[in-house]
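What follows is a set of notes on a single structure, which appears directly below.
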Number of protein chains: 2
Amino acid sequence: MSSDAAMSPKITVELLRQLRQVMKSSKYITEPIQAYIIPSGDAHQSEYIAPCDCRREFVCGFNGSAGTAIVTEQHAAMWTDGRYFLQASQQMDNNWTLMKMGLKETPSQEDWLISVLPENSKVGVDPWIIAADQWKAMAKALSGAGHSLVAVQDNLIDAVWEDRPVRPSTQLSALGLKYTGLSWQDKIRQLRGKMAERKISWFVVTALDEIAWLFNLRGSDIEYNPVFFAYAIIGVNSIRLFLDEKRVVDPVVREHLELDSASKPELKVQCLPYESIYTELQAVSSALGPKEKVWISDKASCALTQAIPKIHRSPIPYTPLCLAKAVKNPTEIQGMRMAHIKDAVALCELFAWLEKEIPKGTVTEISAADKAEELRSQQKDFVGLSFPTISSVGPNGAIIHYRPLPETNRTLSLNEVYLIDSGAQYMDGTTDVTRTVHFGTPSDYEKECFTYVLKGHIAVSAAVFPNGTKGHLLDSFARAALWDSGLDYLHGTGHGVGCFLNVHEGPCGISYKTFADEPLEAGMILSDEPGYYEDGSFGIRLENVVLVVPTKPKYNYRNRGSLTFEPLTLVPIQQKMINAELLTQKERDWLNHYHRKCRETIGAELERQGRKEALDWLIQETQPIV
Amino acid sequence: MSSDAAMSPKITVELLRQLRQVMKSSKYITEPIQAYIIPSGDAHQSEYIAPCDCRREFVCGFNGSAGTAIVTEQHAAMWTDGRYFLQASQQMDNNWTLMKMGLKETPSQEDWLISVLPENSKVGVDPWIIAADQWKAMAKALSGAGHSLVAVQDNLIDAVWEDRPVRPSTQLSALGLKYTGLSWQDKIRQLRGKMAERKISWFVVTALDEIAWLFNLRGSDIEYNPVFFAYAIIGVNSIRLFLDEKRVVDPVVREHLELDSASKPELKVQCLPYESIYTELQAVSSALGPKEKVWISDKASCALTQAIPKIHRSPIPYTPLCLAKAVKNPTEIQGMRMAHIKDAVALCELFAWLEKEIPKGTVTEISAADKAEELRSQQKDFVGLSFPTISSVGPNGAIIHYRPLPETNRTLSLNEVYLIDSGAQYMDGTTDVTRTVHFGTPSDYEKECFTYVLKGHIAVSAAVFPNGTKGHLLDSFARAALWDSGLDYLHGTGHGVGCFLNVHEGPCGISYKTFADEPLEAGMILSDEPGYYEDGSFGIRLENVVLVVPTKPKYNYRNRGSLTFEPLTLVPIQQKMINAELLTQKERDWLNHYHRKCRETIGAELERQGRKEALDWLIQETQPIV
């Protein structure tokens, strides 16, 4: 079945009519608005969101992870990036204009609004789901053109969303030192040390993964992300945690947070209702001395940010928790290693199984993804997937963040390229790996493109660079081989990866799009995932999770020290897809060394687990290339 | 003579005492200030400045092209970048703290001020020599910490500078179509087209090279830069040029600007005194309709920017003139080619002469630089140098922007590496070239470092990249070979080059430091100049001026088209300095192809000019490498 015909768009005529009515209704707003912005985030600016927060998907049909919809009286437009151009164009009906971000001809949201709005328009947005920095930029651009951005307290999508799901409140689990390497009390102490250095009185924690990391707690409120809805306000002597109070009835949570034991007063956690964050933050702010400052992420919601008077507000691009979380401690690194070994075991089994089953013609994108999940779930400490498995055959592979649905589901065959991008949450770590394989005979062109992608992958993975280098400076290494042949890919090369936390995390990454990333440091963990996508034909991506490690090259300029990457992902790279003539000797050596490591490390674990077929497959796939 | 001992610092005890007195004197300021900022620019934010504007050099002794001094009641500190660490440390006395920008431990000016100032301090600055964007950032940071930034109208350095030179007003020359390819009238028309597109009523031109380019006029007010002190305000129907009125007495200028002939009214140039810009701009601004907007560079002076009420101000990072000037037209490209051929002739002669003379022990850094200037001056349409020649032997080569002085002058020998970075202004173009050579036998380490630099130079020069790529994405290509061995250099890789204009120009460049550079386009001209500097031993840099050209690789992803670079500089790269074993075949091919082109193009011109010795040298230096 062709994917183009299959993924049918959401019909939005009636919905848009209702929304436009609400935009003029005094029941919801004091004055009519001429445009309404629907960002994709929740009140915590999460990338993955709970069903109750999927307002942008609800209004336009597009369900990718990134996108902003704007509805005016006449128009409806949705901005997303290169990963999603194809998917969005298939999921949205003709009422919507797809705005392809990153293309020269695509206007920014601000410029587009200015071009379509009548004079002196009001543009509305829910202040809880727009980040403070985005609010500021948008407000400035609009006011420069005579319009104004207004905070609409009642969410207008919710007003027209009849059967909107309720906010989840799942059971929490506590992680011991065996997994975290550092108690939450020590994390609080370190945080307060950073606050003292900068003379900061309070820190408002709004990102869900930061709260989970800080308190060594995990939940499952959001699929794939082991987080839970909460806020926290950390003071020099107090800790306030805002969450659904039913959750703290659980004795495990009570003991972990020492809610009932005689803790030191400055480590006493005060639990308050989730919804009370705004009034509590206002109360905290109104009691501040004239010089006291409150840290809050500049990506926190506009509503919460404005609860702190400007004079006391100290917005920061990356919070100290975000930075501390990114640099994994030895326990976390060891956990990530173990998680990746288990994950590789499951993938070796999957590929061995696929090789056997595909010729029968019964394996589909969905059944292959299900099999991968089943195999992962057999591994110790498996919790769930870390994101929806991208299991894509042939043309579906060119949809960068494709997720197979019954109506798009293709059968794996000997004739098409198969791309699987998948990962899991284990108690000890998070994985994310992409392999692109062919079960028959790939074409010369497919091999050529694959080899360029491999060259880019190796160029990043083997790069040596000085301490203090920002990840974006490595992005072009991943593209050079593709560029040489006039090819490219429209997404970044790598993202930070959490440790039993979000599969995408800041503040580091490898992308031409950012400049404000923090310098790479030993202990950071990122993905390395260049790709190439031929619309309508195939997609190629090659992704390892890599650890930033110190290295000692021949010299040491100004004693700065050097860094490189160590792959944590240890899954063979299919040699059938490689045109070895296009590789340099250095690249061949890298590949052979990598495959030797896969064979040794994963081979030992397959042996231990008695998974004979996968071991045979691993040995066959890790022969040295010549 | 060792350079460390030789470059003696300026003694600033008395000067700082006087300045601190003036900082409290009601004769100059209404209220005492606790700190005074001395930026290095002039009122046009020029990089190279006239002697009357060298206030930062006057106050601290450091005469590099970039640096900011700040004097408080207790401290004096000067910020500069990696090119100048050594030079600044030698030119400043102990009253000054050198702030090494780019190092992690170095505080920003704002952070440093906040750390040393008493509460509620006032920090002064001359609003004419601080750019509006810098003012804004500094004012915000200071007010966030309870201090304030105040505009001090009388320049306090001028108050203590007894024999300050007067502002120059040199003769202007008019450039015909043969050199410019476009009349100033057409440039005005194109500019007005861009203003109309964006509904802009007025454009204030403040950068000296933009004014020179727009009016096809050149001057020599600032050494090495063929520009003249002027401002312009361009309206939809009017052109106001602000300059020393004595200059427009010259009949050549009168005719060129059609001051006396019956021109179309919208092309009538109104000449006004240089100093009247402020009041004229205020007058223009006060007559604006409520929606009218004025374009001004966000790098224009704070004083001039604030002459336009905020509501009418439309600050832009790069002006349309800056962008238009950067993309050279066919006449300019042809002129740049010719200039580089003449320049290469002079350099071939220089190297042939050096090879003969050095064994005699009579050639010094200064005499070599003088010889280079003499040889260049023999070439057609030579106007002058485009920057002070960096002629440096051995350890002096590690001072990145070194300029030989009698007290630092070393003799060229068979034992040390020689680096010469030089360029000239010709009527048809501007050149900038660096070669690093050894006249005896280089050490293995010198060759190794040189070869890494060469690999970086080739990696940029031969890079293929998609249309729309920003130059900063190419910077790491220049460093990869150095990084692999733990080496690096603390400056950017390339800058835009003007056409018979400033040797450094925006908006494009190749540097890890910028993110806001404009995408590269065919017709832009940049330098490609990686280096390596071993403090106390030697410096290596390899610089060509390169033209951005379209190229057609095998594929054309999304029809974006690809670009690469064509070297305009055609001077042999010394093979004696190369460890050929470290080069790939592709790099050897590049080098041989480059040398063949040098031999053909420059050989023909040397032949035509009858310069036999230089031709012999060229042939010897362009043998293919195997």
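Simple scheme: letters A, B, ... for chains in structure tokens order, numbers from 1 for residues in each chain, numbers from 1 for ligands in the order shown.
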(request) Enumerate the residues of range 263-451 of chain A with a DSSP assignment of strand (DSSP E), computed from the backbone, and present them as a ChimeraX atom specification. (result) /A:269-272,294-297,313-316,382-385,390-393,417-422,424-426,429-430,433-438
(request) Return the neighbours of chain A among the residues of chain B, cut-off 7 Å, counting only C-alpha atoms, as a PyMOL selection string. (result) chain B and resi 464-466+473-474+476+483-488+515+553-557+562
(request) Once DSSP has gone over the backbone, tell me which residues of range 221-259 of chain A are in helix (DSSP H, G or I), as a PyMOL selection string. (result) chain A and resi 245-249+251-256
(message) Ranking B:Ser392, B:Thr622, B:Gln306, B:Ser148 by minimum distance to Cys348 in chain B and counting only C-alpha atoms, which one comes first?
(response)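 So, comparing all the options, the nearest one is B:Thr622.
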(request) Using only C-alpha atoms, determine which residues lie at most 8 Å from Val150 in chain B, disregarding the query and same-chain residues fewer than 4 positions distant; provide the list as a list in words. (result)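 Here the answer would be Lys122, Val123, Gly124 and Val125 of chain B.
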Kindly save the residues from that selection, with N, CA and C atoms included, as an mmCIF file, in the first residue's frame.
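File again23.cif, as written:
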data_model
loop_
_atom_site.group_PDB
_atom_site.id
_atom_site.type_symbol
_atom_site.label_atom_id
_atom_site.label_comp_id
_atom_site.auth_asym_id
_atom_site.auth_seq_id
_atom_site.Cartn_x
_atom_site.Cartn_y
_atom_site.Cartn_z
ATOM 1 N N LYS B 122 28.100 54.193 38.689
ATOM 2 C CA LYS B 122 27.844 54.719 37.349
ATOM 3 C C LYS B 122 29.026 54.360 36.463
ATOM 4 N N VAL B 123 28.719 53.784 35.304
ATOM 5 C CA VAL B 123 29.753 53.418 34.342
ATOM 6 C C VAL B 123 29.574 54.316 33.129
ATOM 7 N N GLY B 124 30.625 55.041 32.769
ATOM 8 C CA GLY B 124 30.512 55.989 31.665
ATOM 9 C C GLY B 124 31.080 55.445 30.376
ATOM 10 N N VAL B 125 30.554 55.967 29.278
ATOM 11 C CA VAL B 125 31.096 55.633 27.956
ATOM 12 C C VAL B 125 30.699 56.749 26.996
#
(request) Find the residues near range 528-530 of chain B: any atom within 9 Å, counting only C-alpha atoms, skip ones fewer than 2 places away on the same chain, and give them as a PyMOL selection string. (result) chain B and resi 433-434+453-454+456-458+460-461+478-479+489+491-495+510+526+532+540-546
(request) Fewer than 6 positions away in the same chain doesn't count, so skip those; otherwise give me all residues within 9 Å of range 261-276 of chain B, counting only C-alpha atoms, as number ranges by chain. (result) B: 185, 188-189, 229-231, 235-245, 248, 254-255
(request) Between B:Ser65, B:Glu407, B:Val626, B:Glu505, single out the one closest to Lys586 in chain B, counting only C-alpha atoms. (result) B:Val626
(request) Identify, on the basis of only C-alpha atoms, every residue whose closest approach to range 163-173 of chain A does not exceed 6 Å; exclude the query and any residue fewer than 5 positions from it along the same chain; express the result as a list of chain:residue names. (result) A:Cys52, A:Leu217, A:Arg218, A:Gly219, A:Ser220, A:Asp221
Those same residues - all heavy atoms - I'd like them written as a PDB file, in the first residue's frame.
ATOM      1  N   CYS A  52      -3.839  14.635  27.049  1.00  0.00           N
ATOM      2  CA  CYS A  52      -4.640  15.826  27.378  1.00  0.00           C
ATOM      3  C   CYS A  52      -3.992  17.106  26.872  1.00  0.00           C
ATOM      4  O   CYS A  52      -4.659  18.142  26.763  1.00  0.00           O
ATOM      5  CB  CYS A  52      -4.875  15.910  28.888  1.00  0.00           C
ATOM      6  SG  CYS A  52      -3.344  16.019  29.844  1.00  0.00           S
ATOM      7  N   LEU A 217      13.140  10.212  41.342  1.00  0.00           N
ATOM      8  CA  LEU A 217      11.816   9.582  41.218  1.00  0.00           C
ATOM      9  C   LEU A 217      11.488   9.424  39.734  1.00  0.00           C
ATOM     10  O   LEU A 217      11.923  10.216  38.911  1.00  0.00           O
ATOM     11  CB  LEU A 217      10.748  10.471  41.861  1.00  0.00           C
ATOM     12  CG  LEU A 217      10.692  10.505  43.391  1.00  0.00           C
ATOM     13  CD1 LEU A 217       9.717  11.590  43.841  1.00  0.00           C
ATOM     14  CD2 LEU A 217      10.260   9.137  43.938  1.00  0.00           C
ATOM     15  N   ARG A 218      10.721   8.411  39.424  1.00  0.00           N
ATOM     16  CA  ARG A 218      10.269   8.255  38.056  1.00  0.00           C
ATOM     17  C   ARG A 218       8.768   7.970  38.059  1.00  0.00           C
ATOM     18  O   ARG A 218       8.235   7.400  39.023  1.00  0.00           O
ATOM     19  CB  ARG A 218      10.989   7.090  37.355  1.00  0.00           C
ATOM     20  CG  ARG A 218      12.487   7.272  37.197  1.00  0.00           C
ATOM     21  CD  ARG A 218      12.854   8.427  36.266  1.00  0.00           C
ATOM     22  NE  ARG A 218      14.297   8.481  36.010  1.00  0.00           N
ATOM     23  CZ  ARG A 218      15.171   9.156  36.765  1.00  0.00           C
ATOM     24  NH1 ARG A 218      14.765   9.855  37.810  1.00  0.00           N
ATOM     25  NH2 ARG A 218      16.460   9.139  36.469  1.00  0.00           N
ATOM     26  N   GLY A 219       8.102   8.389  36.978  1.00  0.00           N
ATOM     27  CA  GLY A 219       6.688   8.121  36.814  1.00  0.00           C
ATOM     28  C   GLY A 219       6.438   7.691  35.387  1.00  0.00           C
ATOM     29  O   GLY A 219       7.381   7.418  34.632  1.00  0.00           O
ATOM     30  N   SER A 220       5.166   7.628  35.002  1.00  0.00           N
ATOM     31  CA  SER A 220       4.876   7.289  33.608  1.00  0.00           C
ATOM     32  C   SER A 220       3.666   8.091  33.124  1.00  0.00           C
ATOM     33  O   SER A 220       2.800   7.583  32.447  1.00  0.00           O
ATOM     34  CB  SER A 220       4.664   5.781  33.449  1.00  0.00           C
ATOM     35  OG  SER A 220       3.704   5.320  34.384  1.00  0.00           O
ATOM     36  N   ASP A 221       3.658   9.376  33.499  1.00  0.00           N
ATOM     37  CA  ASP A 221       2.555  10.242  33.080  1.00  0.00           C
ATOM     38  C   ASP A 221       2.566  10.490  31.578  1.00  0.00           C
ATOM     39  O   ASP A 221       1.533  10.714  30.963  1.00  0.00           O
ATOM     40  CB  ASP A 221       2.652  11.604  33.791  1.00  0.00           C
ATOM     41  CG  ASP A 221       2.319  11.504  35.272  1.00  0.00           C
ATOM     42  OD1 ASP A 221       2.022  10.382  35.733  1.00  0.00           O
ATOM     43  OD2 ASP A 221       2.347  12.541  35.950  1.00  0.00           O
TER      44      ASP A 221
END
(message) Can you pull out the residues contacting Arg410 in chain B? Cut-off 8 Å, using only C-alpha atoms, and skip same-chain residues under 4 positions away; I want them as number ranges by chain.
(response) B: 1, 364-365, 392-393
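Counting only C-alpha atoms, the residue from A:Gly384, A:Pro320, A:Pro127, A:Gly536 that sits nearest to Asn396 in chain A is A:Gly536.
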